[in-house]
Amino acid sequence: MADQGSPHAQAPPSEPAQTPATRTIRKRARRACIACRARKVRCDLDRQGTPCTNCKLDAAECVVKPRARKWIRAQKQAAAPLLPSPEPVVTSAQTPTDLLWSSEPNINDTCGEVDEVPAYVTCQDLLGGLNEGPNLDLQAPCPFPTIVHEADFNSGPPASSSAPSRPFPATIGDASILSGHPFIEVDCLWSLPAADLAFLKLRGSFQLPPRPALDEFVEQYFLHVHPTLPVVNESDFWDKYLAPDDLSPVGRRIPLFVFQAMLFIACPFVALSTLRTLGFLSVRDGRSELYSRAKALFDTECYGSHVAGAQGALMLTYHVPTSNDKINTYWLITAIHLAQTARADEYDMMDDGCEDKGMLKRLWWCCILRDRIMALGLRRRLHIRSTDFDFTQPGLDEGDFDSEIRGSKVYDPARKQVLAQLAVSLCDLAVILSGILPIVSPARRRAAKAIDGLVNQEMLETYATRLDLWYWTAVGKFQTPEHIFGMDGSITLFTNMIYIYYHTAKASLCSHIIFTSFTAPSIRDSQADDRLQAQAELGKSLRGITDGLTELAQLGLVRYLPNTFVAFSAFAFVWHILDAQGARRDLGIYKDVMCLFRNLYESTDGMLSCIGRLVDHIRGGGLVITERQTKTLGRDTWADLLVMKPRSYLRIVLMVDFSLSMGRMPVEADFPEQLRVA
């Protein structure tokens, strides 16, 4: 695994033993930037110049401090405002009623002042109307109920319309770091070298928003992040966060690294007006700055414990600067490693009376959930395999959330109990995905492993049956939330999220069944009907993804989806663009969804570019059936393509998976031998 200090540092290859006469003596670099010093990694500043390679890869500012008068310079830089680069923002005076979607996009509305799609994305269906759609108000209040009873939670963000320059109003001093926030655990800071403390101050890692804005960040975290990633105990958190100043003993406080990571992951759900009062020009600007502050704490190993380090690292897996960046995988691997170091993967072997057993169980299953969801959406390999953990052990159950059901400050007990059941159901899905994802991974398809086709087909059908059983069980459990709770949207949001996970998994499974039936010589000619059946199921799954996004769009809830759904939306978007008979309204939904995501998440631009190149390449190669051809065929374009051009169909399937996974078009060597063009 990569060095924890840097996502780009690699262990040097082993070398044969050398005698003293032949061993090369490496000279120590004369200078190093403060980021590389803090991470204790080699800096190539003298050779490369600024920025050094590590800072360039991290997209971080490469700061070099002279040896003389270094403390004076560091203090001046820490006090200087870090102004964000200008970035367009979305404003709107529309009411939530205006956000409802009509049957056709309104071409007179715009999605806001967003950057143009790069010129090389030439697909007309992608570009046509990308900036046409409802005006998406990022300042609209959260539609969910707020039941926090503390007075300062109702005070709202500061009323001042003028946004102060960053950093936030000073909350630290040389004598007492973060003295204004007694709920923050800072004991690990006192052992840091002076250079590390200066680096953290320069990065703004000790700065927190003023209390009213801070309350909003925390509230949004537990409303929108915690239900599907319950990595911290909500009730325990509120006890620490709301405790009087004199009742926050050491050990009953929140690690600074975890708290900064919470601010980062909650940023997209905070009102834009609040972000502006903190000096951020946009959601994306706020995410970038808050990520930098949390990452600096981790780089200096200022996270307190292995558990806290794993918790914060899991939250930072939501940092995806570009569509093909693997930094989120680095954070996932890091979280898993720290959790294993804390023996979270051995929770089932601990005595029931062990005080930390519940916390470790929660942490480990959150690692499993994040591992499965990232692998499913980004087409990447699993990092927690069946050999690493006994998946017959029960996952999270409702008993693990007993204290939260009674102690939540953002959901009433009835809603909280349903959300706890949803988290349990998500763990059940993760177990099924543990068997499916290694089979359907793009890497395995490219390698075309020599497995008996018939046995593999039976295994795939078994997993398909298990997936369907899970889905109908979940639908039966969560199908009437509006009748019980009213139309606030909270339950609808999270149930649609897990249904989209299901539909994506089913679509991948169906694609692999088609692939196996074609490439396995023993069943290639006898499974034509099975291929068509799998294709029909694939179509239903893509329809399910579209229906889920449509419902969320109609309720104004798309903006509360995490950035993981940039990839989940892209998968079905590509197929709708390629379908000559596809409904125009469906394309309008996806364009509007992507338009909103562009204002929230950095990776959307790269994903749209990838989609555009992919569609142009497929159409330019004549792989799809044209509209003229469909007039003489049936209305099911993809079934026709599978019958007429099975090789083309499978190449498209693999192109979509590979492009979304790797961020580039595949070359012939990336296809299995059976599908390569001679």
# chains A, B, ... in the order shown; residues from 1 in each chain; ligands from 1
call {"tool": "select_by_dssp", "arguments": {"residues": "region 465-616 of chain A", "states": "alpha helix (DSSP H)", "output": "VMD selection string"}}
result
chain A and resid 465 to 478 481 to 485 490 to 519 528 to 554 564 to 578 584 to 600 603 to 616
call {"tool": "atom_distance", "arguments": {"atom1": "CA of Leu493 (chain A)", "atom2": "CA of Arg385 (chain A)"}}
result
29.5 Å
